[in-house]
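**Student:** Attaching a single structure in structure tokens format; questions to follow.
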Amino acid sequence: MTPEDRILLRDLFSVAVSAADPETALRAHLPSRPRGRTIVIGAGKGVAQLARAFERLWDAPVEGVVVTRYGYGVPCERIRVVEAAHPVPDLAGLEASRLLFQAVEGLTQDDLVVALVCGGGSALLPCPPGRLTLEDEVALNRALLSSGAPISVMNAIRKQVSGIKGGRLAAACHPAKVVSLVVSDVPGDDPAQVASGPTIPDATDRAHARAMVDAWRIRIPPKVADWLADDQGLAPFWRDHVFAGHEVHVIASARLSLEAAAIHAQAESIPAVILSDAIEGEARDVARVHAAIAREVALRDRPFTRPVLILSGGETTVTLRGNGKGGRNTEFLLALAIAADGVPFTAIAGDTDGIDGSEDNAGAFADGQSAARLRALGLDPVATLSANDAWAAFDRLGDLFVPGPTGTNVNDFRAILIR
């Protein structure tokens, strides 16, 4: 991998992230000023930056509270920013859910609630319903994260085991109007899926959640299974009168970020193609498909001719089989390096929020020699992948990508360059 290619790939990531800049995204979607109060609520890994941008743009009194991941907070003047754990919920998240409900108590039809919602909000807003406890919700979250199920399946289940998700927070705002401004990190940009839709109900029900548990063979805790088998605390349906007059706007998404990266590449005289902004599936399986395309291009100039930049987004998943370190983007890259061993490509894959998995990297860089370099260091790439230890592999290679928290989140960014 040449230094020039690494710089180009890093710049493409930066361009994609900049396209989801909070202030730019919010500016075109500001609601009309209400006669009464303006309350801002929200959750997600980039919500503090959204709240700060909203304060700058809103020329009227505003108050409220938002919750973000530990270390992701930024100072706001009028909106309170609290931090909690991600991806496994904790007591701070439980308190944050209480604060959000407290913020919307006693509102009138003259008041406006602006909900800032972005990826990561599901874990940041634990609110166990009925007799369930935080420990039950933590156990459910661990089971979902290790299941390999797509985000849409995980969120369908989470909505039915919560006192805040699935539109319940918006229902608590009645009779105030709620305007949800959503930064999408889900394939297809369904706003009801982002952060499990605390202010946006959808059409899924408890029977659907039970069917997803069975279809994906998710080992949920017995107490959670009992809750799903009952009809207590059902999520409100989208036709409920409490949602009348509410507005929902997707203000940033993977599609817009990928298109910005493609334009940047073309300005550098490199044709770019976008495979999709909504790719789901096991990270290593998605990698093998990308590797097959890269090999076909390198060997036969089809379906694209060289030079070409192949872009894709979406959210892959990882079924945990080993005890290694890693995330879905490093796992994708290690599988890509194995499947495209010897193919002349360079690639980057990273989470646009700046963190892939539980370490401090957004992802990593890889090329057609990554697998060979690992073998030269005494590491078996296949065994390392089997152990879900992709982070360790790229750490040894010196190819981790560590931009730090970005302040936004429009899911995974993948770019494969073939000269």
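Residue names in the structure tokens use chain letters A, B, ... in the order shown, residue numbers from 1 in each chain, and ligand numbers from 1 in the order shown.
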For the interface of segment 43-156 of chain A with segment 410-417 of chain A (cut-off 10 Å, counting only C-alpha atoms), please tabulate each contacting residue of segment 43-156 of chain A alongside its nearest pair of atoms and their separation in Å to one decimal, rows sorted by chain and increasing number, as a Markdown table.

**Tutor:**
| residue | atom | partner | partner_atom | distance |
| --- | --- | --- | --- | --- |
| A:Gly46 | CA | A:Val410 | CA | 9.7 |
| A:Cys118 | CA | A:Val410 | CA | 8.3 |
| A:Gly119 | CA | A:Val410 | CA | 7.5 |

**Student:** Export N, CA and C atoms of the chosen residues as a CSV table (one decimal), in the first residue's frame?

**Tutor:**
chain,number,residue,atom,x,y,z
A,46,GLY,N,-23.7,10.4,18.3
A,46,GLY,CA,-23.3,11.8,17.8
A,46,GLY,C,-24.3,12.8,18.2
A,118,CYS,N,-29.8,9.4,16.7
A,118,CYS,CA,-28.8,8.9,15.8
A,118,CYS,C,-28.4,7.5,16.4
A,119,GLY,N,-27.5,6.8,15.6
A,119,GLY,CA,-27.1,5.5,16.0
A,119,GLY,C,-26.5,5.4,17.3

**Student:** When you count only C-alpha atoms, which of these residues is closest to Glu247 of chain A: A:Ala387, A:Ala143, A:Leu12, A:Val178?

**Tutor:**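 Checking each of A:Ala387, A:Ala143, A:Leu12, A:Val178 against Glu247 of chain A, counting only C-alpha atoms, the winner is A:Val178.
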
**Student:** Set the distance at 7 Å and use only C-alpha atoms: which residues neighbour segment 273-287 of chain A once local chain neighbours fewer than 4 positions away are removed? I'd like the list as a list in words.

**Tutor:** Gly148, Pro150, Pro187, Gly188, Ala254, Arg255, Ala291, Leu309, Ile310, Leu311, Ser312, Gly313, Gly314, Glu315, Thr316, Thr317, Val318, Arg328, Glu331, Phe332, Leu333, Ala335 and Leu336 of chain A

**Student:** Please, could you write that set of residues out with C-alpha atoms as a compact mmCIF listing (two decimals), in the first residue's frame?

**Tutor:**
# COMPACT_ATOMS: atom_id res chain seq x y z
CA GLY A 148 -25.27 -12.29 14.14
CA PRO A 150 -29.13 -7.80 11.40
CA PRO A 187 -29.73 0.04 5.89
CA GLY A 188 -32.64 1.50 3.98
CA ALA A 254 -25.00 6.66 4.36
CA ARG A 255 -26.30 7.39 0.86
CA ALA A 291 -13.24 -9.76 -2.82
CA LEU A 309 -13.00 3.00 -6.50
CA ILE A 310 -15.64 0.60 -5.19
CA LEU A 311 -17.75 2.10 -2.39
CA SER A 312 -20.34 0.52 -0.13
CA GLY A 313 -22.14 1.17 3.13
CA GLY A 314 -24.67 -0.40 5.44
CA GLU A 315 -24.22 -2.37 8.64
CA THR A 316 -22.72 -5.83 8.72
CA THR A 317 -22.84 -8.12 11.74
CA VAL A 318 -20.41 -10.46 13.47
CA ARG A 328 -17.34 -5.57 12.09
CA GLU A 331 -13.44 -8.39 10.54
CA PHE A 332 -14.60 -7.38 7.05
CA LEU A 333 -11.08 -6.27 6.10
CA ALA A 335 -11.81 -11.60 5.50
CA LEU A 336 -11.28 -9.41 2.42

**Student:** DSSP on the backbone, strand (DSSP E or B) only: what residues of segment 20-85 of chain A does that give? Format it as a list in words.

**Tutor:**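 Output for segment 20-85 of chain A, strand (DSSP E or B) only: Thr38, Ile39, Val40, Ile41, Gly42, Ala43, Glu63, Gly64, Val65, Val66, Val67, Thr68, Arg69, Ile79, Arg80, Val81, Val82, Glu83 and Ala84 of chain A.
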
**Student:** Which residues, written as a ChimeraX atom specification, have at least one atom at most 9 Å from Ile338 of chain A, with only C-alpha atoms counted and residues fewer than 4 positions away on the same chain left out?

**Tutor:** /A:288,291,333-334,342,368,370-372,381-382

**Student:** Report as a list in words all protein, DNA and RNA residues lying within 8 Å of segment 120-127 of chain A, evaluated on only C-alpha atoms, omitting residues in the same chain fewer than 5 positions from it.

**Tutor:**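 My list of contacting residues is Ala43, Gly44, Lys45, Val67, Thr68, Arg69, Ala84, Ala85, His86, Pro87, Val88, Pro89, Asp90, Gly93, Leu94, Ala96, Ser97, Leu134, Glu137, Asn141, Asn155, Arg158, Ser162, Gly163, Ile164, Lys165, Val194, Ala195 and Ser196 of chain A.
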
**Student:** Next, the residues of the selection above should be written as a short mmCIF file (atom, residue, chain, number, x, y, z; two decimals), in the first residue's frame with N, CA, C and O atoms.

**Tutor:**
data_model
loop_
_atom_site.label_atom_id
_atom_site.label_comp_id
_atom_site.auth_asym_id
_atom_site.auth_seq_id
_atom_site.Cartn_x
_atom_site.Cartn_y
_atom_site.Cartn_z
N ALA A 43 -30.79 10.91 21.74
CA ALA A 43 -29.85 9.86 22.13
C ALA A 43 -29.06 9.40 20.92
O ALA A 43 -29.55 9.43 19.79
N GLY A 44 -27.83 8.99 21.17
CA GLY A 44 -26.99 8.44 20.11
C GLY A 44 -25.54 8.85 20.29
O GLY A 44 -25.22 9.76 21.07
N LYS A 45 -24.68 8.20 19.55
CA LYS A 45 -23.25 8.47 19.71
C LYS A 45 -22.85 9.84 19.15
O LYS A 45 -21.81 10.37 19.53
N VAL A 67 -28.53 12.09 25.60
CA VAL A 67 -27.60 11.11 26.16
C VAL A 67 -26.71 10.54 25.07
O VAL A 67 -27.18 10.18 23.99
N THR A 68 -25.41 10.48 25.35
CA THR A 68 -24.44 9.96 24.41
C THR A 68 -23.51 8.98 25.09
O THR A 68 -23.60 8.75 26.31
N ARG A 69 -22.63 8.39 24.33
CA ARG A 69 -21.67 7.41 24.85
C ARG A 69 -20.60 8.09 25.68
O ARG A 69 -20.25 9.25 25.45
N ALA A 84 -23.51 7.68 28.98
CA ALA A 84 -23.83 6.34 29.46
C ALA A 84 -23.04 5.32 28.63
O ALA A 84 -22.29 5.68 27.72
N ALA A 85 -23.23 4.06 28.94
CA ALA A 85 -22.43 2.99 28.33
C ALA A 85 -23.00 2.54 26.99
O ALA A 85 -24.21 2.54 26.77
N HIS A 86 -22.10 2.15 26.12
CA HIS A 86 -22.42 1.57 24.82
C HIS A 86 -21.28 0.63 24.46
O HIS A 86 -20.11 0.96 24.67
N PRO A 87 -21.52 -0.61 23.98
CA PRO A 87 -22.81 -1.13 23.50
C PRO A 87 -23.64 -1.87 24.55
O PRO A 87 -24.74 -2.32 24.24
N VAL A 88 -23.11 -2.04 25.77
CA VAL A 88 -23.87 -2.73 26.81
C VAL A 88 -24.40 -1.70 27.79
O VAL A 88 -23.63 -0.92 28.36
N PRO A 89 -25.71 -1.64 28.03
CA PRO A 89 -26.31 -0.61 28.88
C PRO A 89 -25.80 -0.66 30.32
O PRO A 89 -25.33 -1.70 30.80
N ASP A 90 -25.92 0.49 31.02
CA ASP A 90 -25.53 0.55 32.42
C ASP A 90 -26.51 1.42 33.20
O ASP A 90 -27.50 1.92 32.66
N GLY A 93 -27.30 4.90 31.88
CA GLY A 93 -28.30 4.91 30.82
C GLY A 93 -29.71 4.83 31.37
O GLY A 93 -30.64 5.46 30.85
N LEU A 94 -29.87 4.04 32.42
CA LEU A 94 -31.18 3.94 33.08
C LEU A 94 -31.61 5.30 33.62
O LEU A 94 -32.77 5.73 33.46
N ALA A 96 -30.51 8.17 32.49
CA ALA A 96 -30.73 9.03 31.33
C ALA A 96 -32.14 8.87 30.78
O ALA A 96 -32.79 9.86 30.41
N SER A 97 -32.64 7.64 30.73
CA SER A 97 -34.01 7.43 30.27
C SER A 97 -35.00 8.15 31.18
O SER A 97 -35.96 8.77 30.72
N LEU A 134 -32.61 -4.00 34.88
CA LEU A 134 -31.51 -3.61 34.00
C LEU A 134 -30.67 -4.82 33.64
O LEU A 134 -30.23 -4.96 32.49
N GLU A 137 -32.19 -6.55 30.75
CA GLU A 137 -31.99 -5.84 29.48
C GLU A 137 -30.54 -5.98 29.01
O GLU A 137 -30.28 -6.10 27.81
N ASN A 141 -29.32 -7.64 25.54
CA ASN A 141 -28.46 -6.94 24.60
C ASN A 141 -27.24 -7.78 24.24
O ASN A 141 -26.82 -7.81 23.07
N ASN A 155 -33.48 -4.58 16.63
CA ASN A 155 -34.32 -3.47 17.06
C ASN A 155 -35.78 -3.86 17.18
O ASN A 155 -36.51 -3.33 18.04
N ARG A 158 -35.84 -5.36 20.58
CA ARG A 158 -35.61 -4.35 21.63
C ARG A 158 -36.86 -3.50 21.87
O ARG A 158 -37.17 -3.15 23.01
N SER A 162 -39.02 -2.85 26.25
CA SER A 162 -38.58 -1.51 26.63
C SER A 162 -39.76 -0.65 27.08
O SER A 162 -40.90 -0.87 26.63
N GLY A 163 -39.45 0.31 27.92
CA GLY A 163 -40.46 1.28 28.31
C GLY A 163 -40.27 2.61 27.62
O GLY A 163 -41.02 3.56 27.88
N ILE A 164 -39.27 2.72 26.70
CA ILE A 164 -38.98 4.00 26.05
C ILE A 164 -38.89 3.90 24.53
O ILE A 164 -39.16 4.86 23.83
N LYS A 165 -38.53 2.73 24.01
CA LYS A 165 -38.34 2.57 22.58
C LYS A 165 -39.69 2.36 21.87
O LYS A 165 -40.72 2.27 22.50
N VAL A 194 -33.73 3.54 13.68
CA VAL A 194 -32.57 4.21 14.28
C VAL A 194 -32.78 4.35 15.78
O VAL A 194 -33.79 4.90 16.23
N ALA A 195 -31.84 3.83 16.57
CA ALA A 195 -31.93 3.86 18.04
C ALA A 195 -33.20 3.18 18.53
O ALA A 195 -33.70 3.48 19.62
N SER A 196 -33.75 2.26 17.74
CA SER A 196 -35.00 1.56 18.06
C SER A 196 -36.18 2.51 18.20
O SER A 196 -37.14 2.22 18.90
#

**Student:** For Leu181 of chain A, find every residue with an atom within 8 Å (counting only C-alpha atoms), except residues of its own chain fewer than 6 positions away, and show them as number ranges by chain.

**Tutor:** A: 26, 29, 114-117, 248-251

**Student:** Dump all heavy atoms for the selected residues as a PDB file, in the first residue's frame?

**Tutor:**
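again31.pdb, freshly written:
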ATOM      1  N   LEU A  26     -28.651  19.795  10.015  1.00  0.00           N
ATOM      2  CA  LEU A  26     -29.792  20.375  10.724  1.00  0.00           C
ATOM      3  C   LEU A  26     -30.359  21.619  10.042  1.00  0.00           C
ATOM      4  O   LEU A  26     -31.568  21.869  10.087  1.00  0.00           O
ATOM      5  CB  LEU A  26     -29.382  20.758  12.151  1.00  0.00           C
ATOM      6  CG  LEU A  26     -29.282  19.636  13.179  1.00  0.00           C
ATOM      7  CD1 LEU A  26     -28.642  20.160  14.453  1.00  0.00           C
ATOM      8  CD2 LEU A  26     -30.674  19.078  13.476  1.00  0.00           C
ATOM      9  N   HIS A  29     -33.546  21.613   8.105  1.00  0.00           N
ATOM     10  CA  HIS A  29     -34.701  20.897   8.655  1.00  0.00           C
ATOM     11  C   HIS A  29     -35.192  21.484   9.979  1.00  0.00           C
ATOM     12  O   HIS A  29     -35.885  20.815  10.745  1.00  0.00           O
ATOM     13  CB  HIS A  29     -34.342  19.423   8.863  1.00  0.00           C
ATOM     14  CG  HIS A  29     -34.015  18.701   7.598  1.00  0.00           C
ATOM     15  ND1 HIS A  29     -32.741  18.639   7.092  1.00  0.00           N
ATOM     16  CD2 HIS A  29     -34.808  18.033   6.725  1.00  0.00           C
ATOM     17  CE1 HIS A  29     -32.754  17.954   5.963  1.00  0.00           C
ATOM     18  NE2 HIS A  29     -33.989  17.569   5.719  1.00  0.00           N
ATOM     19  N   VAL A 114     -38.197  18.666  20.047  1.00  0.00           N
ATOM     20  CA  VAL A 114     -37.304  18.302  18.946  1.00  0.00           C
ATOM     21  C   VAL A 114     -36.484  17.105  19.402  1.00  0.00           C
ATOM     22  O   VAL A 114     -35.716  17.201  20.371  1.00  0.00           O
ATOM     23  CB  VAL A 114     -36.380  19.469  18.552  1.00  0.00           C
ATOM     24  CG1 VAL A 114     -35.427  19.029  17.440  1.00  0.00           C
ATOM     25  CG2 VAL A 114     -37.202  20.671  18.103  1.00  0.00           C
ATOM     26  N   ALA A 115     -36.671  15.982  18.728  1.00  0.00           N
ATOM     27  CA  ALA A 115     -35.955  14.759  19.081  1.00  0.00           C
ATOM     28  C   ALA A 115     -34.790  14.573  18.119  1.00  0.00           C
ATOM     29  O   ALA A 115     -34.983  14.454  16.907  1.00  0.00           O
ATOM     30  CB  ALA A 115     -36.889  13.561  19.013  1.00  0.00           C
ATOM     31  N   LEU A 116     -33.581  14.588  18.666  1.00  0.00           N
ATOM     32  CA  LEU A 116     -32.368  14.365  17.882  1.00  0.00           C
ATOM     33  C   LEU A 116     -31.964  12.910  18.083  1.00  0.00           C
ATOM     34  O   LEU A 116     -31.611  12.504  19.199  1.00  0.00           O
ATOM     35  CB  LEU A 116     -31.258  15.312  18.347  1.00  0.00           C
ATOM     36  CG  LEU A 116     -31.613  16.804  18.346  1.00  0.00           C
ATOM     37  CD1 LEU A 116     -30.474  17.623  18.923  1.00  0.00           C
ATOM     38  CD2 LEU A 116     -31.961  17.278  16.943  1.00  0.00           C
ATOM     39  N   VAL A 117     -32.026  12.136  17.023  1.00  0.00           N
ATOM     40  CA  VAL A 117     -31.851  10.690  17.140  1.00  0.00           C
ATOM     41  C   VAL A 117     -30.782  10.216  16.168  1.00  0.00           C
ATOM     42  O   VAL A 117     -30.818  10.551  14.980  1.00  0.00           O
ATOM     43  CB  VAL A 117     -33.178   9.953  16.850  1.00  0.00           C
ATOM     44  CG1 VAL A 117     -33.011   8.451  17.077  1.00  0.00           C
ATOM     45  CG2 VAL A 117     -34.305  10.494  17.727  1.00  0.00           C
ATOM     46  N   VAL A 248     -41.227  13.623  10.961  1.00  0.00           N
ATOM     47  CA  VAL A 248     -39.986  12.835  10.983  1.00  0.00           C
ATOM     48  C   VAL A 248     -39.172  13.186   9.746  1.00  0.00           C
ATOM     49  O   VAL A 248     -39.695  13.167   8.621  1.00  0.00           O
ATOM     50  CB  VAL A 248     -40.279  11.317  10.989  1.00  0.00           C
ATOM     51  CG1 VAL A 248     -38.970  10.536  10.970  1.00  0.00           C
ATOM     52  CG2 VAL A 248     -41.122  10.928  12.193  1.00  0.00           C
ATOM     53  N   HIS A 249     -37.891  13.537   9.950  1.00  0.00           N
ATOM     54  CA  HIS A 249     -37.016  13.888   8.835  1.00  0.00           C
ATOM     55  C   HIS A 249     -35.677  13.163   9.001  1.00  0.00           C
ATOM     56  O   HIS A 249     -35.049  13.253  10.064  1.00  0.00           O
ATOM     57  CB  HIS A 249     -36.761  15.395   8.785  1.00  0.00           C
ATOM     58  CG  HIS A 249     -38.008  16.216   8.705  1.00  0.00           C
ATOM     59  ND1 HIS A 249     -38.689  16.412   7.519  1.00  0.00           N
ATOM     60  CD2 HIS A 249     -38.700  16.887   9.663  1.00  0.00           C
ATOM     61  CE1 HIS A 249     -39.745  17.181   7.748  1.00  0.00           C
ATOM     62  NE2 HIS A 249     -39.777  17.479   9.043  1.00  0.00           N
ATOM     63  N   VAL A 250     -35.259  12.446   7.965  1.00  0.00           N
ATOM     64  CA  VAL A 250     -33.903  11.888   7.931  1.00  0.00           C
ATOM     65  C   VAL A 250     -32.989  12.971   7.384  1.00  0.00           C
ATOM     66  O   VAL A 250     -33.097  13.363   6.222  1.00  0.00           O
ATOM     67  CB  VAL A 250     -33.843  10.619   7.057  1.00  0.00           C
ATOM     68  CG1 VAL A 250     -32.408  10.125   6.942  1.00  0.00           C
ATOM     69  CG2 VAL A 250     -34.735   9.529   7.638  1.00  0.00           C
ATOM     70  N   ILE A 251     -32.086  13.477   8.222  1.00  0.00           N
ATOM     71  CA  ILE A 251     -31.288  14.650   7.844  1.00  0.00           C
ATOM     72  C   ILE A 251     -29.889  14.291   7.348  1.00  0.00           C
ATOM     73  O   ILE A 251     -29.197  15.135   6.778  1.00  0.00           O
ATOM     74  CB  ILE A 251     -31.196  15.649   9.012  1.00  0.00           C
ATOM     75  CG1 ILE A 251     -30.470  15.033  10.214  1.00  0.00           C
ATOM     76  CG2 ILE A 251     -32.594  16.119   9.416  1.00  0.00           C
ATOM     77  CD1 ILE A 251     -30.205  16.022  11.329  1.00  0.00           C
TER      78      ILE A 251
END

**Student:** As a ChimeraX atom specification, please: the residues near Pro61 of chain A (cut-off 12 Å, only C-alpha atoms, same-chain neighbours under 3 positions excluded).

**Tutor:** /A:33-40,54-58,64,77-79,111-112

**Student:** Here is a test: counting only C-alpha atoms, which residue of A:Arg419, A:Val297, A:Ala25, A:Gly378 is nearest to Glu4 of chain A?

**Tutor:**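 Of A:Arg419, A:Val297, A:Ala25, A:Gly378, the one nearest Glu4 of chain A, counting only C-alpha atoms, is A:Arg419.
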
**Student:** Among segment 328-394 of chain A, which ones does DSSP place in alpha helix (DSSP H), written as an MDAnalysis selection string?

**Tutor:** chainID A and resid 328:339 370:376 381:386 390:394

**Student:** Once you count only C-alpha atoms, what closest atom pair and distance in Å to one decimal does each residue of segment 127-193 of chain A within 7 Å of segment 201-213 of chain A have, with rows by chain and rising residue number, as a Markdown table?

**Tutor:**
| residue | atom | partner | partner_atom | distance |
| --- | --- | --- | --- | --- |
| A:Val153 | CA | A:Met212 | CA | 6.4 |
| A:Ala156 | CA | A:Ala209 | CA | 5.7 |
| A:Ile157 | CA | A:Ala209 | CA | 4.8 |
| A:Gln160 | CA | A:Arg206 | CA | 6.0 |
| A:Gly166 | CA | A:Pro201 | CA | 4.9 |
| A:Gly167 | CA | A:Pro201 | CA | 4.2 |
| A:Ala192 | CA | A:Asp202 | CA | 6.1 |

**Student:** For Leu145 of chain A, which residue among A:Leu30, A:Leu379, A:Leu234, A:Ile218 is the nearest when counting only C-alpha atoms?

**Tutor:** A:Ile218

**Student:** Can you work out which one of A:Glu63, A:Asp395, A:Asp351, A:Asp226 has the shortest atom-to-atom distance to Phe13 of chain A, counting only C-alpha atoms?

**Tutor:**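 Among A:Glu63, A:Asp395, A:Asp351, A:Asp226, it is A:Asp351 that comes nearest to Phe13 of chain A.
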
**Student:** Using atom CA of Leu100 of chain A and atom CA of Glu359 of chain A as the two end points, give the distance in Å to one decimal.

**Tutor:**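 Straight-line distance from atom CA of Leu100 of chain A to atom CA of Glu359 of chain A works out to 28.6 Å.
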
**Student:** Check the smallest atom-to-atom distance from each of A:Val182, A:Ala267, A:Leu91, A:Ala347 to Met1 of chain A using only C-alpha atoms, then report the winner.

**Tutor:**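 For Met1 of chain A, the nearest of the given residues is A:Ala347.
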
**Student:** Could you please determine the separation between atom CA of Val402 of chain A and atom CA of Ile418 of chain A in Å, to one decimal place?

**Tutor:** 23.2 Å
